[in-house]
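Below is my_file_24.txt, holding compact mmCIF, C-alpha atoms.
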```txt
# COMPACT_ATOMS: atom_id res chain seq x y z
CA MET A 314 20.56 -8.72 -38.98
CA ASP A 315 19.68 -6.79 -35.86
CA SER A 316 18.27 -3.50 -37.10
CA LYS A 317 19.71 -1.70 -34.08
CA LYS A 318 23.21 -2.25 -35.42
CA LEU A 319 22.40 0.04 -38.35
CA LEU A 320 21.90 2.97 -36.01
CA PRO A 321 24.73 5.08 -34.64
CA VAL A 322 26.29 3.73 -31.46
CA SER A 323 25.23 6.81 -29.55
CA HIS A 324 21.59 6.19 -30.44
CA ILE A 325 21.74 2.56 -29.34
CA GLU A 326 23.23 3.54 -26.03
CA GLY A 327 20.54 6.12 -25.43
CA ASP A 328 22.74 9.18 -25.55
CA TRP A 329 23.44 11.55 -28.39
CA THR A 330 21.33 11.05 -31.38
CA ILE A 331 22.81 14.49 -31.84
CA GLY A 332 26.08 12.68 -32.39
CA VAL A 333 24.99 12.39 -35.96
CA GLY A 334 25.06 14.97 -38.77
CA TRP A 335 23.39 18.33 -38.60
CA LEU A 336 22.03 17.91 -35.10
CA ARG A 337 25.52 17.65 -33.72
CA LYS A 338 26.48 20.77 -35.68
CA LEU A 339 23.53 22.57 -34.10
CA VAL A 340 24.61 21.52 -30.62
CA ILE A 341 28.16 22.68 -31.27
CA THR A 342 26.93 26.01 -32.66
CA GLY A 343 24.61 26.49 -29.69
CA GLY A 344 27.39 25.57 -27.30
CA VAL A 345 29.81 28.02 -28.87
CA LEU A 346 27.21 30.81 -28.81
CA ASN A 347 26.46 30.07 -25.17
CA ILE A 348 30.16 30.10 -24.33
CA LEU A 349 30.55 33.50 -26.04
CA ALA A 350 27.59 34.83 -24.08
CA LEU A 351 29.04 33.57 -20.80
CA LEU A 352 32.46 35.04 -21.63
CA LEU A 353 30.84 38.45 -22.20
CA ILE A 354 29.12 38.16 -18.84
CA ILE A 355 32.41 37.23 -17.15
CA LEU A 356 34.06 40.23 -18.81
CA SER A 357 31.33 42.49 -17.50
CA VAL A 358 31.72 41.14 -13.96
CA VAL A 359 35.50 41.50 -13.80
CA HIS A 360 35.74 44.76 -15.77
CA PHE A 361 32.54 46.73 -15.35
CA THR A 362 32.25 49.61 -17.83
CA PRO A 363 29.30 50.99 -19.80
CA LEU A 364 30.43 49.07 -22.86
CA THR A 365 30.83 45.70 -21.12
CA LEU A 366 27.52 46.29 -19.34
CA LEU A 367 25.77 46.84 -22.65
CA ALA A 368 27.51 43.84 -24.22
CA SER A 369 26.67 41.57 -21.31
CA VAL A 370 23.02 42.60 -21.29
CA SER A 371 22.17 42.92 -24.99
CA VAL A 372 24.71 40.89 -26.98
CA SER A 373 24.97 38.01 -24.52
CA GLY A 374 21.18 37.99 -24.14
CA ALA A 375 20.79 37.65 -27.91
CA LEU A 376 23.49 34.95 -28.15
CA MET A 377 21.93 33.01 -25.30
CA GLY A 378 18.50 33.32 -26.88
CA VAL A 379 19.75 31.91 -30.19
CA ALA A 380 21.59 29.11 -28.37
CA ILE A 381 18.41 28.17 -26.52
CA LEU A 382 16.38 28.17 -29.75
CA LEU A 383 18.96 25.92 -31.41
CA TYR A 384 18.84 23.52 -28.49
CA ILE A 385 15.03 23.45 -28.62
CA VAL A 386 15.35 22.35 -32.26
CA VAL A 387 17.81 19.67 -31.19
CA VAL A 388 15.56 18.40 -28.40
CA VAL A 389 12.49 18.30 -30.66
CA ALA A 390 14.41 16.50 -33.42
CA ASP A 391 15.83 14.07 -30.88
CA LEU A 392 12.39 13.28 -29.49
CA ARG A 393 10.97 12.80 -32.99
CA ARG A 394 13.72 10.38 -33.86
CA ARG A 395 12.89 8.42 -30.78
CA GLY A 396 9.23 8.45 -31.72
CA VAL A 397 8.15 10.40 -28.65
CA LEU A 398 6.79 13.27 -30.71
CA MET B 1450 41.20 57.52 -4.72
CA ASN B 1451 41.67 58.65 -1.13
CA LEU B 1452 42.05 55.92 1.52
CA PHE B 1453 39.00 57.11 3.48
CA GLU B 1454 36.86 57.25 0.35
CA GLU B 1455 38.13 53.84 -0.63
CA SER B 1456 37.26 52.38 2.78
CA VAL B 1457 33.64 53.55 2.45
CA ASN B 1458 33.30 52.53 -1.17
CA ALA B 1459 34.90 49.15 -0.52
CA VAL B 1460 31.78 48.11 1.39
CA GLY B 1461 29.75 48.15 -1.77
CA ASN B 1462 32.46 48.07 -4.39
CA GLY B 1463 34.38 44.81 -4.16
CA LEU B 1464 33.01 41.94 -6.14
CA PRO B 1465 29.76 41.11 -4.32
CA LEU B 1466 28.50 37.61 -3.64
CA VAL B 1467 26.26 37.77 -6.72
CA GLY B 1468 29.31 38.59 -8.85
CA TRP B 1469 31.19 35.59 -7.48
CA ILE B 1470 28.22 33.30 -8.07
CA VAL B 1471 27.97 34.53 -11.67
CA LEU B 1472 31.71 34.00 -12.20
CA VAL B 1473 31.85 30.51 -10.74
CA LEU B 1474 28.67 29.31 -12.49
CA SER B 1475 29.84 30.75 -15.81
CA VAL B 1476 33.21 29.03 -15.62
CA ILE B 1477 31.59 25.71 -14.66
CA CYS B 1478 29.12 25.99 -17.55
CA ILE B 1479 31.84 26.85 -20.08
CA LEU B 1480 34.00 23.90 -18.98
CA LEU B 1481 31.07 21.51 -19.11
CA ILE B 1482 29.97 22.68 -22.56
CA ILE B 1483 33.51 22.31 -23.91
CA ARG B 1484 33.86 18.88 -22.30
CA ILE B 1485 30.56 17.66 -23.75
CA ILE B 1486 30.80 19.01 -27.28
CA ALA B 1487 34.46 18.10 -27.63
CA GLN B 1488 34.01 14.43 -26.85
CA ASP B 1489 33.59 11.88 -29.62
CA PRO B 1490 29.85 11.11 -29.73
CA LYS B 1491 30.50 7.54 -30.84
CA LYS B 1492 32.38 6.82 -27.65
CA THR B 1493 29.67 8.17 -25.43
CA THR B 1494 28.11 5.44 -23.37
CA LYS B 1495 25.87 7.23 -20.88
CA PRO B 1496 22.87 9.50 -21.49
CA PHE B 1497 24.56 12.19 -19.47
CA GLY B 1498 25.75 14.95 -21.78
CA LYS B 1499 22.45 16.01 -23.20
CA TRP B 1500 20.87 16.35 -19.80
CA ILE B 1501 23.76 18.47 -18.63
CA LEU B 1502 23.45 20.62 -21.78
CA LEU B 1503 19.71 20.86 -21.22
CA LEU B 1504 20.36 22.07 -17.67
CA ILE B 1505 22.99 24.56 -18.85
CA PHE B 1506 20.96 25.97 -21.76
CA PHE B 1507 17.57 26.20 -20.09
CA VAL B 1508 18.35 26.76 -16.43
CA LEU B 1509 21.90 27.77 -15.56
CA SER B 1510 22.55 30.20 -18.43
CA PRO B 1511 19.30 32.15 -17.93
CA VAL B 1512 19.95 32.23 -14.18
CA ILE B 1513 23.48 33.53 -14.77
CA TYR B 1514 22.11 36.13 -17.18
CA LEU B 1515 19.48 37.36 -14.70
CA LEU B 1516 21.94 37.46 -11.79
CA ASN B 1517 24.39 39.44 -13.91
CA PHE B 1518 21.58 41.74 -15.02
CA SER B 1519 20.58 42.58 -11.44
CA HIS B 1520 24.23 43.02 -10.46
CA ALA B 1521 24.81 45.29 -13.47
CA VAL B 1522 21.72 47.39 -12.76
CA GLU B 1523 22.88 48.01 -9.18
CA ASP B 1524 26.48 48.77 -10.14
CA SER B 1525 25.47 51.16 -12.88
CA LYS B 1526 23.94 53.50 -10.28
CA LYS B 1527 27.33 54.39 -8.82
CA VAL B 1528 29.06 57.72 -9.37
CA GLU B 1529 32.21 55.86 -10.48
CA PHE B 1530 30.23 54.20 -13.23
CA CYS B 1531 28.99 57.55 -14.57
CA ASN B 1532 32.55 58.86 -14.33
CA SER B 1533 33.85 56.05 -16.54
CA CYS B 1534 32.70 58.09 -19.55
CA HIS B 1535 35.16 60.91 -20.21
CA ILE B 1536 32.44 63.50 -20.80
CA MET B 1537 31.35 63.08 -17.15
CA ASN B 1538 34.79 63.70 -15.62
CA GLY B 1539 34.26 67.45 -15.24
CA TYR B 1540 30.92 66.96 -13.51
CA VAL B 1541 32.26 64.37 -11.06
CA ASN B 1542 35.41 66.39 -10.38
CA ASP B 1543 33.20 69.33 -9.42
CA LEU B 1544 31.08 67.02 -7.30
CA LYS B 1545 34.16 66.06 -5.31
CA ASP B 1546 35.62 69.55 -5.10
CA PRO B 1547 35.23 70.77 -1.49
CA ASP B 1548 35.32 74.40 -2.63
CA SER B 1549 32.56 74.01 -5.19
CA GLU B 1550 29.29 75.77 -4.44
CA HIS B 1551 27.28 74.12 -7.17
CA LEU B 1552 24.14 72.44 -5.96
CA ALA B 1553 25.20 68.91 -6.94
CA ALA B 1554 28.56 69.34 -5.20
CA LEU B 1555 26.87 70.55 -2.00
CA HIS B 1556 24.57 67.51 -2.02
CA TYR B 1557 27.62 65.29 -2.44
CA GLN B 1558 29.98 67.05 0.01
CA TYR B 1559 27.45 67.26 2.84
CA ARG B 1560 26.13 63.78 2.01
CA TRP B 1561 22.57 65.09 1.72
CA ILE B 1562 22.39 62.16 -0.66
CA ALA B 1563 24.46 59.37 0.83
CA HIS B 1564 25.03 57.13 -2.21
CA ASP B 1565 24.51 56.99 -5.97
CA GLN B 1566 24.23 60.77 -6.18
CA CYS B 1567 24.14 61.02 -10.00
CA PHE B 1568 21.45 58.38 -10.31
CA THR B 1569 19.33 59.74 -7.46
CA CYS B 1570 19.00 63.17 -9.06
CA HIS B 1571 18.78 61.96 -12.66
CA SER B 1572 16.11 59.29 -12.40
CA ASP B 1573 12.45 59.61 -11.57
CA TYR B 1574 11.25 57.85 -8.47
CA GLY B 1575 9.52 54.49 -8.56
CA LEU B 1576 9.97 51.36 -10.62
CA PHE B 1577 9.28 53.05 -13.95
CA GLY B 1578 11.67 55.85 -13.06
CA ASN B 1579 14.47 53.30 -12.68
CA ALA B 1580 13.56 51.50 -15.88
CA LYS B 1581 13.35 54.77 -17.82
CA ALA B 1582 16.73 55.88 -16.45
CA LYS B 1583 18.28 52.58 -17.55
CA MET B 1584 16.85 52.91 -21.06
CA THR B 1585 18.21 56.45 -21.24
CA GLY B 1586 21.54 55.12 -20.03
CA ILE B 1587 21.66 52.67 -22.93
CA LYS B 1588 20.98 55.59 -25.24
CA HIS B 1589 23.90 57.45 -23.64
CA VAL B 1590 26.27 54.52 -24.15
CA TRP B 1591 25.14 54.26 -27.77
CA ALA B 1592 25.74 57.98 -28.27
CA TYR B 1593 29.09 57.92 -26.47
CA TYR B 1594 30.60 54.98 -28.34
CA ILE B 1595 28.78 54.83 -31.66
CA VAL B 1596 26.85 57.81 -33.04
CA GLY B 1597 28.40 60.67 -31.07
CA TYR B 1598 26.71 63.53 -29.24
CA ASP B 1599 26.40 67.30 -29.31
CA THR B 1600 28.23 69.52 -26.89
CA PRO B 1601 27.52 71.13 -24.53
CA ILE B 1602 25.52 68.16 -23.33
CA LYS B 1603 22.08 68.94 -21.97
CA LEU B 1604 19.04 67.19 -20.53
CA TYR B 1605 16.56 65.69 -23.01
CA ASN B 1606 13.61 67.31 -21.27
CA LYS B 1607 12.84 69.91 -18.66
CA TYR B 1608 14.13 68.75 -15.26
CA ASN B 1609 11.41 67.11 -13.19
CA ASN B 1610 11.05 69.10 -9.95
CA GLN B 1611 9.42 66.10 -8.28
CA ILE B 1612 12.89 64.62 -7.91
CA CYS B 1613 13.89 67.56 -5.68
CA LEU B 1614 10.49 67.68 -3.99
CA ASN B 1615 10.61 64.03 -3.02
CA CYS B 1616 13.10 65.00 -0.31
CA HIS B 1617 12.40 68.70 0.21
CA ALA B 1618 8.63 69.01 -0.01
CA PRO B 1619 7.77 67.34 3.32
CA VAL B 1620 10.14 69.66 5.23
CA LEU B 1621 8.53 72.59 7.03
CA SER B 1622 11.46 74.93 6.41
CA PHE B 1623 10.91 74.39 2.68
CA GLN B 1624 7.15 74.81 2.83
CA GLU B 1625 7.33 78.07 4.80
CA ILE B 1626 9.49 79.93 2.29
CA GLU B 1627 7.31 82.61 0.73
CA GLU B 1628 8.48 82.02 -2.86
CA HIS B 1629 7.71 78.34 -2.57
CA GLU B 1630 4.20 79.02 -1.29
CA LYS B 1631 3.56 81.66 -3.93
CA ASN B 1632 4.72 79.51 -6.85
CA ALA B 1633 3.62 76.15 -5.51
CA SER B 1634 1.61 75.04 -8.54
CA ASP B 1635 4.33 76.04 -11.02
CA ILE B 1636 6.98 74.31 -8.93
CA LEU B 1637 4.90 71.16 -8.60
CA SER B 1638 4.25 71.00 -12.35
CA SER B 1639 7.93 71.77 -13.14
CA GLU B 1640 6.77 74.84 -15.05
CA MET B 1641 9.11 76.86 -12.87
CA SER B 1642 12.62 75.49 -12.42
CA CYS B 1643 14.15 75.35 -8.95
CA LEU B 1644 17.31 76.77 -10.51
CA GLY B 1645 17.83 80.30 -11.68
CA ALA B 1646 19.27 83.68 -10.87
CA ASP B 1647 16.70 84.50 -8.22
CA CYS B 1648 16.36 81.02 -6.75
CA HIS B 1649 18.96 78.28 -6.35
CA VAL B 1650 22.47 78.17 -7.76
CA ARG B 1651 23.46 76.10 -10.79
CA THR B 1652 23.73 72.35 -10.28
CA HIS B 1653 26.94 71.88 -12.29
CA PRO B 1654 29.57 74.18 -13.80
CA ASP B 1655 28.52 75.29 -17.29
CA GLU B 1656 31.86 74.26 -18.78
CA ALA B 1657 32.16 70.90 -17.01
CA TRP B 1658 31.77 68.99 -20.29
CA ARG B 1659 35.01 70.55 -21.60
CA GLU B 1660 37.30 68.84 -19.05
```

Whole structure given in C-alpha cells:
Amino acid sequence: MDSKKLLPVSHIEGDWTIGVGWLRKLVITGGVLNILALLLIILSVVHFTPLTLLASVSVSGALMGVAILLYIVVVVADLRRRGVL
Amino acid sequence: MNLFEESVNAVGNGLPLVGWIVLVLSVICILLIIRIIAQDPKKTTKPFGKWILLLIFFVLSPVIYLLNFSHAVEDSKKVEFCNSCHIMNGYVNDLKDPDSEHLAALHYQYRWIAHDQCFTCHSDYGLFGNAKAKMTGIKHVWAYYIVGYDTPIKLYNKYNNQICLNCHAPVLSFQEIEEHEKNASDILSSEMSCLGADCHVRTHPDEAWRE
C-alpha cells in the first residue's frame, strides 16, 4: 500500500497539514483573534474616541500578538511534520 | 459646528488616506481569513491558503496596526478629541468663547497657536514630550472610564514653563520686560509660574470642570 494514502489529503497535496486536528484549531483561533483585532481597528478608524483609540492600540495589539504567536506554533509544527525542522 | 470652522477643520478632519488604507486592508484581510479558515481542508488542492495566512499574520496585520497607530496618534492631538470627554467640555467651550479673557482662550481666538491647541500647551517639546503626553493620555482614559478621578481636576506636576518659553523666549518684547529679566532663572526652572495675580491671567476658568 502506498504510505502516502495514509496521510490526510491536504498533506499529500502540499497544503494544510493544519487541516488536521489541533493545528487546524490553532489556525482558526488565531484567525478569529486576528479578525477581532482588525474589527477593533476598523471601529477606531470610523468612530474615533478615546475608548476606541485605547482598544485599537492596546487590545488589538495584544490580540494580534497572540494570533501571531499561535501561527508561529502552526508554522513550526508544519515544518516539523514535513521534516524541514 | 460653524460652517467656517468646519471648512478649516475638514482639511485635516475627514478620513485621511492612511485611514482609508487601514480600512480597505483590514476588510480584505478579514474576508481572506474567513474564506481560508471556513473552507474544508480536505478539499483544498493548492498550497495557497497558508501562504496567504502567513502574509496576513506576519506582514499585513502588523502594517495595518502600525498605520492605525500613527493615524491615531495624530488624531488624538486635536481639540475635538480632548473635548470628547465630558470633563473637558467646559475648558473647550471657554476656549471657543470670543469674550473669554483666559490665556488659553486668547491663544485659541487669536490663533497664536494655529492647531492642536490643547496638545501644544500640555505636552513637552521633542519626541519624549510627545511620548510622555500619550502615556499620560492613556492614564486619563483609564481614569475617565474605569477608576474615576478627583474634581476639580488638576495637573499632575508643576506646569513646565519651557512650553511657554519655546515660543515666547526668543522674542525681544518678552526678553525686555523687567520682571522677566529679574526672575529669569526662576522662570527658566519653572520655580516661578507664569500665571498669578501679578503676572498673567488664569489659563482656564476655575469652574470649567463643572460644566

Report task. For Ile341 (chain A), please output as an NGL selection string all residues within 9 Å (counting only C-alpha atoms; exclusion window: fewer than 5 positions along the same chain). Result -> (:A and (336 or 346)) or (:B and (1482 or 1486-1487))

**Report entry** Selection near Leu1614 (chain B), 10 Å with all atoms listed in the file, sequence-local residues under 4 positions removed, as JSON, numbers by chain
**Finding:** {"B": [1609, 1610, 1618, 1619, 1620, 1623, 1636, 1637, 1643]}

Residues at most 10 Å from His1564 (chain B), counting all atoms listed in the file, excluding those fewer than 2 positions away in the same chain, as a PDB file with C-alpha atoms, in the frame of the given file?
```
ATOM      1  CA  ASN B1458      33.300  52.530  -1.170  1.00  0.00           C
ATOM      2  CA  LYS B1526      23.940  53.500 -10.280  1.00  0.00           C
ATOM      3  CA  LYS B1527      27.330  54.390  -8.820  1.00  0.00           C
ATOM      4  CA  VAL B1528      29.060  57.720  -9.370  1.00  0.00           C
ATOM      5  CA  TYR B1557      27.620  65.290  -2.440  1.00  0.00           C
ATOM      6  CA  ARG B1560      26.130  63.780   2.010  1.00  0.00           C
ATOM      7  CA  TRP B1561      22.570  65.090   1.720  1.00  0.00           C
ATOM      8  CA  ILE B1562      22.390  62.160  -0.660  1.00  0.00           C
ATOM      9  CA  GLN B1566      24.230  60.770  -6.180  1.00  0.00           C
ATOM     10  CA  CYS B1567      24.140  61.020 -10.000  1.00  0.00           C
ATOM     11  CA  PHE B1568      21.450  58.380 -10.310  1.00  0.00           C
ATOM     12  CA  THR B1569      19.330  59.740  -7.460  1.00  0.00           C
TER      13      THR B1569
END
```

Mind dumping a table of every chain B residue within 9 Å of chain A, with the nearest atom pair and its distance in Å to one decimal, using only C-alpha atoms, sorted by chain and rising number, as a Markdown table?
```
| residue | atom | partner | partner_atom | distance |
| --- | --- | --- | --- | --- |
| B:Leu1464 | CA | A:Val358 | CA | 8.0 |
| B:Gly1468 | CA | A:Val358 | CA | 6.2 |
| B:Trp1469 | CA | A:Val358 | CA | 8.5 |
| B:Val1471 | CA | A:Ile355 | CA | 7.6 |
| B:Leu1472 | CA | A:Ile355 | CA | 6.0 |
| B:Ser1475 | CA | A:Leu351 | CA | 5.8 |
| B:Val1476 | CA | A:Leu351 | CA | 8.1 |
| B:Cys1478 | CA | A:Ile348 | CA | 8.0 |
| B:Ile1479 | CA | A:Ile348 | CA | 5.6 |
| B:Ile1482 | CA | A:Gly344 | CA | 6.1 |
| B:Ile1483 | CA | A:Gly344 | CA | 7.7 |
| B:Ile1486 | CA | A:Ile341 | CA | 6.0 |
| B:Ala1487 | CA | A:Ile341 | CA | 8.6 |
| B:Asp1489 | CA | A:Gly332 | CA | 8.0 |
| B:Pro1490 | CA | A:Gly332 | CA | 4.9 |
| B:Lys1491 | CA | A:Ser323 | CA | 5.5 |
| B:Lys1492 | CA | A:Ser323 | CA | 7.4 |
| B:Thr1493 | CA | A:Ser323 | CA | 6.2 |
| B:Thr1494 | CA | A:Glu326 | CA | 5.9 |
| B:Lys1495 | CA | A:Asp328 | CA | 6.0 |
| B:Pro1496 | CA | A:Asp328 | CA | 4.1 |
| B:Phe1497 | CA | A:Asp328 | CA | 7.0 |
| B:Gly1498 | CA | A:Asp328 | CA | 7.5 |
| B:Lys1499 | CA | A:Trp329 | CA | 6.9 |
| B:Leu1502 | CA | A:Gly344 | CA | 8.4 |
| B:Leu1503 | CA | A:Tyr384 | CA | 7.8 |
| B:Phe1506 | CA | A:Ile381 | CA | 5.8 |
| B:Phe1507 | CA | A:Ile381 | CA | 6.8 |
| B:Ser1510 | CA | A:Met377 | CA | 7.4 |
| B:Pro1511 | CA | A:Met377 | CA | 7.9 |
| B:Ile1513 | CA | A:Leu351 | CA | 8.2 |
| B:Tyr1514 | CA | A:Gly374 | CA | 7.3 |
| B:Asn1517 | CA | A:Ile354 | CA | 7.0 |
| B:Phe1518 | CA | A:Val370 | CA | 6.5 |
| B:His1520 | CA | A:Val358 | CA | 8.5 |
| B:Ala1521 | CA | A:Leu366 | CA | 6.5 |
| B:Val1522 | CA | A:Leu366 | CA | 8.8 |
| B:Asp1524 | CA | A:Phe361 | CA | 8.2 |
| B:Ser1525 | CA | A:Pro363 | CA | 7.9 |
| B:Phe1530 | CA | A:Thr362 | CA | 6.8 |
| B:Cys1531 | CA | A:Pro363 | CA | 8.4 |
| B:Ser1533 | CA | A:Thr362 | CA | 6.8 |
| B:Cys1534 | CA | A:Pro363 | CA | 7.9 |
| B:Gly1586 | CA | A:Pro363 | CA | 8.8 |
| B:Ile1587 | CA | A:Leu367 | CA | 7.1 |
| B:Val1590 | CA | A:Pro363 | CA | 6.4 |
| B:Trp1591 | CA | A:Leu364 | CA | 8.9 |
| B:Tyr1594 | CA | A:Leu364 | CA | 8.1 |
```

Query - Atom pair CA of Gly1597 (chain B) / CA of Ala1580 (chain B): separation (Å) - result: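 About the pair CA of Gly1597 (chain B) and CA of Ala1580 (chain B): they are 23.1 Å apart.
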
Query raised in the report: Please, what distance in Å, to one decimal, runs between CA of Gln1611 (chain B) and CA of Gly1578 (chain B)?
Result: 11.5 Å

Query raised in the report: For the atom pair CA of Gln1624 (chain B) and CA of Ala1563 (chain B), what is the interatomic distance in Å to one decimal place?
Result: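 Between these atoms lies a distance of 23.3 Å.
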
Requested in this report: Compare B:Asn1451, B:Ser1622, B:Asn1615, B:Gln1558 by their minimum atom-to-atom distance to Val1541 (chain B), counting all atoms listed in the file, and give me the closest one.
Outcome: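 For Val1541 (chain B), the nearest of the given residues is B:Gln1558.
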